[in-house]
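Visitor: Would you mind keeping the following structure in view while I ask a few things?
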Amino acid sequence: MPTEAGRRTILAATSAVDVAATRRPVQPIPAVRRPPAARVLSPSLLLLILIGQACLSARLIWANTAFQDEALYLWAGRLELAHWLHGASIPAFPTYFSGAPVLYPPLGALANSLGGLAAARILSLLLMLGATALLWCTASMLFGRRAAFFSAALWAALGPTQQLGAFATFDALSLFLMAAAACCVVRAGQSRQATGWTLAAGAALMAANAATYSSLLFDPVILALAALTAQRQSGWATARSRITSLLAYLATAVAILVKLGGPWYLQGIAHTVLDRVSGSSPALAVLGQAWGWTGVIVVLSFAAVGIGLVCETGWQPRLILATLAVAAVLVPAEQARIGTLTSLNKHADVGAWFAAIAVGYAICRTISLLRLRVLQVMACLTCAAALYFPVMTGVAQADALSNWPNAAAFVTWLRPVADHRTGPMLIETPSVAEYYLPAGSQWKRWSSTFNITLPSGHVVEHSGQIGFPGHPQTYRKFIVRGYFSVIALDHGLASALDRVLIRYIERDHDYRLLAIVPYGKSGYSVWVRTAAR
């Protein structure tokens, strides 16, 4: 019989073994055997991917003037900063912005103040590089480093990914935050005590939803990943706890947003997400464009689901793969339902981020089926070389996505006209001019063909729908009484409203045509008021 001291020694040793077992590192969720060849793929490959992605996006940073969305958000951020610092009045941005105007716009405006539009676009590039790094980390935890390499490389090669890295809007920020939330829930799923990681995931998810409301579409994907990874490690009780925590964080975020922003934010969310007006694009046209950008990833991700059904024994890996694949079709399906192509490339890129993880698994699992190590190495090199084709396709797509009309000539011509007059101006789409011109800070002077801004700052909008042209009779009343000192309309735009307004202006002898300024494929006809009323 062991002595009392011996029993104490045995108990101490047993406790030490139990503690060591609970701290044992968790293996990747699916039972993927990592062959020795996988060790060659070190994190240094991530650096190569990031360098390549940076080069592909950087060539677009100085390629064109600001897009209308870029100009709008950077201009709004400039006004928000002036409001915070000096108490200046600002428009009701929350009522029609598709993201909280107090998040990205001021951040982008700060970058713009340091180095202009290029600096704001470089900020987006850094966020997209961060999203790629988070994709590597998430895929590595789920399926290993080999899968992480192919996942990150393929997503970085996509045309929308390249273009968003040189696009100064809230999309890059929201995508980065969504990627951070996904990475945190997977990391939490590998730990029995993961309160900190769950809290970080909730914070990132809240911020992503606030940055752009449309990211709510991917919240179920994050919740599913949180449940599936937690269930495998700690059971359903922990999985339910994680989901409950994340939902509580989201509810808290909505309550805070509504409390701080009031009904304006509710109106903005309703108009841009919940009650979004349907477009006129056929569903097949929407699906066709989405297919051109992410079709390869969609096909390979669903192939990964089939491979998982055959090769995996547990149901958790199979459901994880299915969740990742479904994420790729959420945006195309939703935008096909409402018939709109607006921002399709940007939103679809978020779904492609998730689906790329499944694609990495499919490539990794297929390579692992080869018995000989030399064959595995050759297969890895072949797949890596094949990335040349999606990269070249992505380059062409990114060039096309960045090919909007150059506004340099129009802005240069309009500058003296706007600076030497103090009255209201009606500009077809004024966001670019507001961003570039000093007169842009005088936001009460600017009206568009979507609404009319009064000297009080109130907006006249009789279309009843945000983003749709106003009523011709409303504009006629303002034109007849000489409200606008400058009017600039796109004379090549086949818009019913523009055609009516041009007829009104041509019949009014107090307006004279000053010039036709080149802008895009057509140009802007510019009238000025010559008589005082």
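Lettering and numbering for the structure tokens are positional, with chains as A, B, ... in the shown order, residues counted from 1 in each chain, and ligands counted from 1 in the shown order.
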Determine which residues of segment 260-445 of chain A DSSP labels as alpha helix (DSSP H) from the backbone of this structure, then write them out as a ChimeraX atom specification.
Guide: /A:260-261,263-269,283-311,315-338,344-368,373-386,388-401,408-419,431-436
Visitor: Out of segment 422-530 of chain A, which residues get strand (DSSP E or B) from DSSP, as a count of residues only?
Guide: 31
Visitor: Pick from A:Trp197, A:Tyr213, A:Trp155, A:Phe149: nearest to Pro101 of chain A, with only C-alpha atoms counted?
Guide: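 Going through A:Trp197, A:Tyr213, A:Trp155, A:Phe149 one by one, the smallest distance to Pro101 of chain A is for A:Tyr213.
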Visitor: What lies within 9 Å of Leu324 of chain A using only C-alpha atoms, ignoring chain neighbours under 4 positions off, as a list in words?
Guide: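 Here the qualifying residues turn out to be Val221, Leu225, Ser301, Phe302, Leu319, Ile320, Ala328, Gly351, Ala352, Trp353, Phe354, Ala355, Ala356, Ile357 and Ala358 of chain A.
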Visitor: Let me make sure I understand: among A:Gly314, A:Leu250, A:Val329, A:Ala179, which one has the smallest atom-to-atom distance to Ala139 of chain A if we use only C-alpha atoms?
Guide: A:Ala179
Visitor: Would you please work out which residue, of A:Ala304, A:Ala58, A:Leu173, A:Leu217, is nearest to Ala327 of chain A when using only C-alpha atoms?
Guide: A:Leu217
